[in-house]
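Engineer: After the structure tokens below, expect a handful of questions from me.
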Amino acid sequence: MEKKVIATTSLAGCFGCHMSFLDIDERLLDLIELVEFNKSPIDDIKRFTKPVDIGIIEGGCANSENVEVLRYFRENCKILVSLGECAIMGGLPAMRNGISIDECLAEAYLNGPTVQLNKEKILPNDEEIPMLLDRVVPCHEVVKIDYFLPGCAPRADLIWDALVAIVTGKEMDLPYEVIKFD
Amino acid sequence: MSKKITIEPVTRVEGHGKVTIKLDDLGRVTESRLHIVEFRGFERFIQGRPYWEAPVLVQRLCGICPVSHHLAAAKALDVIVGAGTGEGLTVTGEKIRRLMHYGQFFQSHVLHFFHLSSPDFLFGIDAAPELRNIIAVAQENRELAYQGIMMRKYGQEVIAATAGKKIHGTGAIPGGVNKNLSLDERDSLLKGPDPMSADKMVEWSLGALDFFKHYHKNNREMVDNYASFPSNHLSLVRKDGALDIYHGVLRAVDNEGRRILNDVDYQDYNHYIEEEVRNWTYMKFPYLKEYGREKGWYRVGPLARLNVCDFIPTPLAQKEFEEFKAYTKGKPNGMSLHYHWARLIEVLHAAEVMRDLLNDPDLQGNDLVVKGKRQEEGVGVIEAPRGTLFHHYKVGDNDLITMANLIVSTTNNNEPMNRAVNATAKAFMNGQQEITEPMMNAVEVAIRAYDPCLSCATHALGQMPLEVTLVNEQDEVIDKKIKG
Ligand code: SF4
């Protein structure tokens with residue numbers, strides 16, 4: 001059987017979902033018999049090198065780059081999975097949604113008790129850094145998402161079962177207890 | 001023709017960042033920058049939340065070292081609930097938190113060395129990108145990958161037993177902890193089914209250290225000269241000068257080893273530290289106020305900690321520490337790749353501390369929380385795996401947070417990381433006809449040594465791809481090259 005190809009990315013997430021993925025521990029060694037990894041922060045593949053079967057998305061979209069990366073994943077992956085609360089609902093970063101960006105930036109770069117006197121009111125605004133969205137949005141508001149795995153972070157067993165189900169094409173067992181967000 | 005090189009995203013580090021390097025007509029590096037491209041706004045949106053939420057909220061800035069944020073916030077809130085700083089907790093409270101923190105240290109350092117950096121050592125920085133990952137490591141050297149995976153698992157199990165959950169636990173609360181360690185939990189961590197025992201972790205830590213020392217011996221010139229430059233160093237130390245990652249006083253030394261910050265109380269951290277804002281990155285640049293922006297910047301993390309402390313209070317790690325110190329004749333070590341060496345000495349230390357703590361009956365105590373006179377303001381500082389981490393909160397009469405300030409470990413390393421990028425870019429790219437993929441990876445290797453958690457730093461996290469853009473003087477793109 002040809003190995004399925006997996007890619008992962010972290011948008012506006014904390015990497016906890018990736019860590020939970022690594023928490024499948026020894027099963028990682030089994031996993032690499034089943035699948036092949038393409039673009040992912042854990043390897044050095046920075047652009048897709050082939051079509052991908054399963055794209056795993058951690059984090060929602062907080063800036064223009066997150067949106068671009070998410071679209072890039074959608075174009076190149078047959079199946080997209082939103083992994084964790086941030087991807088599904090925006091998560092902790094979305095706590096800024098009720099507040100203006102200016103206020104958030106001012107608190108971090110002008111008012112903080114250790115910020116040097118910032119007379120010119122310098123804020124990060126270089127062309128090299130992406131534009132912030134006015135609101136952090138979940139991934140399915142930007143592209144179609146095929147599966148959602150809840151949790152913050154989703155438990156490693158859940159990630160493992162879901163992957164095995166997708167890779168082998170067998171339906172997964174979802175008892176009531178696992179349908180929760182934490 | 002001048003050029004601009006962009007490395008984006010930088011991979012095998014934990015964060016959202018990218019690198020740009022500008023070259024002049026003669027191919028000389030004129031400017032290099034490590035940009036942090038994500039911003040969260042935590043300082044503002046935490047305002048108005050009840051203070052007891054902080055330890056569980058703030059750790060969601062970083063899923064790699066959530067325990068560090070969890071505990072730094074809890075320590076700041078200890079002050080707010082009147083439990084004092086560090087020493088104020090019950091013995092069980094403090095020791096459970098220590099165990100949690102050393103477990104986290106262990107897993108995070110192991111992750112960094114085995115999962116993220118070992119490919120560079122096994123295959124070389126000029127190896128094909130498809131090879132440079134833990135999966136290829138598993139195919140090439142299954143035992144090494146297996147040990148890395150199981151060591152990380154062990155650390156995560158320690159966290160789960162003390163914090164309730166491997167990622168984003170809830171164990172630390174203002175004034176203490178919400179559970180002790182049961183005898184069953186203790187036994188399974190102490191003696192667990194092979195290889196998950198405390199002794200095995202010590203043994204494997206020694207093995208990992210040997211692996212690196214062996215590599216160093218065979219590649220001495222490369223390891224020693226790679227992004228090597230002098231700096232100041234900052235960390236917490238125990239009052240007697242011992243390495244202590246959970247609690248202590250702030251100390252900084254200069255590149256000659258002279259104390260430039262002498263064991264001060266961290267509640268006053270903002271008297272000593274200031275941050276500069278630059279418009280091309282979300283990560284601020286901290287420095288010691290007294291010495292100013294030019295001279296006051298410092299390194300933090302494993303290398304800095306070993307440069308700052310006087311000794312390590314566990315025997316096996318102390319022996320390694322002496323060898324490490326002797327290598328630079330007792331002077332501070334400024335060699336970026338020696339971060340790996342220092343990190344592995346700390347892995348060994350963490351393994352020894354976990355073993356000692358697990359044998360300590362205080363962990364089964366039932367006195368878990370302390371409360372005293374409520375205060376308005378508190379600072380919590382801890383040595384996170386990547387370096388000194390500051391949390392500072394103010395809380396109003398209604399128990400809602402009115403101010404939050406964070407200086408995370410990776411932010412403290414902002415200036416040194418930028419210098420490391422610059423040094424490597426110059427060493428590998430100056431005057432070269434063509435910029436190759438291995439040259440770009442070389443820059444990443446330097447960044448990776450600092451184990452930046454860019455997630456925390458913005459306070460955000462992610463990965464960095466590597467993309468090179470060639471531009472002419474008018475900044476028009478003439479060529480584009482993508483790494484990976
Ligand atoms: S869902 Fe939780 S663990 Fe996953 S990225 Fe978001 S905060 Fe981190």
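Order determines the names: the first chain of the structure tokens is A, the second B, and so forth; residues in each chain are numbered 1 upward, and ligands are numbered 1 upward as they are shown.
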With a distance cut-off of 7 Å and only C-alpha atoms, select the neighbouring residues of Ser64 of chain A, excluding the residue or stretch itself and same-chain residues fewer than 2 positions from it, and output the selection as a PyMOL selection string.

Structural biologist: chain A and resi 66-68+130-133

Engineer: Counting only C-alpha atoms and all ligand atoms, what residues are within 7 Å of ligand 1, given as a PyMOL selection string?

Structural biologist: (chain A and resi 13-17+58-59+83-87+91-92+151-153) or (chain B and resi 60-63+167)

Engineer: Limited to C-alpha atoms, could you put the picked residues into a file as a CSV table (one decimal), in the first residue's frame?

Structural biologist:
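What landed in again_25.csv:
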chain,number,residue,atom,x,y,z
A,13,GLY,CA,-1.8,28.3,17.9
A,14,CYS,CA,0.5,27.6,20.7
A,15,PHE,CA,2.0,24.3,19.4
A,16,GLY,CA,0.3,22.4,22.1
A,17,CYS,CA,-1.6,20.5,19.5
A,58,GLU,CA,-3.4,23.9,14.5
A,59,GLY,CA,-4.5,27.4,15.3
A,83,LEU,CA,-6.9,20.2,15.3
A,84,GLY,CA,-7.8,21.7,18.7
A,85,GLU,CA,-9.8,24.6,20.0
A,86,CYS,CA,-7.9,27.4,18.3
A,87,ALA,CA,-8.4,25.9,14.8
A,91,GLY,CA,-9.2,29.7,21.1
A,92,LEU,CA,-7.3,31.8,23.4
A,151,GLY,CA,-9.6,19.6,22.9
A,152,CYS,CA,-7.0,22.0,24.1
A,153,ALA,CA,-5.0,20.1,23.4
B,60,ARG,CA,-2.0,28.8,26.1
B,61,LEU,CA,0.7,31.1,24.7
B,62,CYS,CA,3.0,28.1,24.5
B,63,GLY,CA,2.2,24.5,24.3
B,167,ILE,CA,-0.5,19.9,28.1

Engineer: Please compute the atom CA of Asn125 of chain A-atom CA of Leu105 of chain A distance, one decimal, in Å.

Structural biologist: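 So the two atoms, atom CA of Asn125 of chain A and atom CA of Leu105 of chain A, lie 10.6 Å apart.
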
Engineer: Could you find all residues in segment 80-157 of chain A that DSSP calls alpha helix (DSSP H) from the backbone, and write them as a ChimeraX atom specification?

Structural biologist: /A:85-89,101-106,156-157

Engineer: Only N, CA and C atoms, please: the residues just picked out, written as a PDB file, in the first residue's frame.

Structural biologist:
ATOM      1  N   GLU A  85      -8.900  23.491  19.805  1.00  0.00           N
ATOM      2  CA  GLU A  85      -9.836  24.582  20.014  1.00  0.00           C
ATOM      3  C   GLU A  85      -9.513  25.826  19.194  1.00  0.00           C
ATOM      4  N   CYS A  86      -8.245  26.150  19.064  1.00  0.00           N
ATOM      5  CA  CYS A  86      -7.886  27.374  18.323  1.00  0.00           C
ATOM      6  C   CYS A  86      -8.306  27.270  16.860  1.00  0.00           C
ATOM      7  N   ALA A  87      -8.030  26.118  16.246  1.00  0.00           N
ATOM      8  CA  ALA A  87      -8.410  25.945  14.842  1.00  0.00           C
ATOM      9  C   ALA A  87      -9.927  25.923  14.711  1.00  0.00           C
ATOM     10  N   ILE A  88     -10.590  25.308  15.687  1.00  0.00           N
ATOM     11  CA  ILE A  88     -12.042  25.126  15.590  1.00  0.00           C
ATOM     12  C   ILE A  88     -12.816  26.396  15.962  1.00  0.00           C
ATOM     13  N   MET A  89     -12.309  27.099  16.995  1.00  0.00           N
ATOM     14  CA  MET A  89     -13.098  28.242  17.482  1.00  0.00           C
ATOM     15  C   MET A  89     -12.295  29.531  17.642  1.00  0.00           C
ATOM     16  N   ILE A 101      -7.276  46.359  17.890  1.00  0.00           N
ATOM     17  CA  ILE A 101      -5.864  46.012  17.719  1.00  0.00           C
ATOM     18  C   ILE A 101      -4.982  47.114  18.292  1.00  0.00           C
ATOM     19  N   ASP A 102      -5.389  48.363  18.069  1.00  0.00           N
ATOM     20  CA  ASP A 102      -4.574  49.477  18.553  1.00  0.00           C
ATOM     21  C   ASP A 102      -4.355  49.386  20.055  1.00  0.00           C
ATOM     22  N   GLU A 103      -5.425  49.040  20.757  1.00  0.00           N
ATOM     23  CA  GLU A 103      -5.290  48.935  22.209  1.00  0.00           C
ATOM     24  C   GLU A 103      -4.344  47.817  22.592  1.00  0.00           C
ATOM     25  N   CYS A 104      -4.443  46.690  21.883  1.00  0.00           N
ATOM     26  CA  CYS A 104      -3.555  45.555  22.177  1.00  0.00           C
ATOM     27  C   CYS A 104      -2.101  45.936  21.917  1.00  0.00           C
ATOM     28  N   LEU A 105      -1.867  46.605  20.789  1.00  0.00           N
ATOM     29  CA  LEU A 105      -0.486  46.977  20.455  1.00  0.00           C
ATOM     30  C   LEU A 105       0.039  48.006  21.440  1.00  0.00           C
ATOM     31  N   ALA A 106      -0.820  48.959  21.803  1.00  0.00           N
ATOM     32  CA  ALA A 106      -0.382  50.006  22.722  1.00  0.00           C
ATOM     33  C   ALA A 106       0.020  49.401  24.062  1.00  0.00           C
ATOM     34  N   ALA A 156      -3.756  12.787  22.888  1.00  0.00           N
ATOM     35  CA  ALA A 156      -2.946  12.045  21.917  1.00  0.00           C
ATOM     36  C   ALA A 156      -3.698  10.831  21.377  1.00  0.00           C
ATOM     37  N   ASP A 157      -4.441  10.142  22.247  1.00  0.00           N
ATOM     38  CA  ASP A 157      -5.159   8.946  21.796  1.00  0.00           C
ATOM     39  C   ASP A 157      -6.197   9.285  20.732  1.00  0.00           C
TER      40      ASP A 157
END

Engineer: If I take atom CA of Asp78 of chain B and atom CA of Val253 of chain B, how far is one from the other in Å, to one decimal?

Structural biologist: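 Spanning atom CA of Asp78 of chain B to atom CA of Val253 of chain B is a straight-line distance of 28.8 Å.
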
Engineer: Could you tell me, as a ChimeraX atom specification, which residues of chain A DSSP assigns to strand (DSSP E) when given the backbone?

Structural biologist: /A:4-10,35-37,52-58,61-63,77-83,132-137,147-149

Engineer: Measuring atom to atom with only C-alpha atoms, identify which of A:Leu22, A:Cys77, A:Ala165, A:Ile179 is nearest to chain B.

Structural biologist: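 The closest residue to chain B is A:Leu22.
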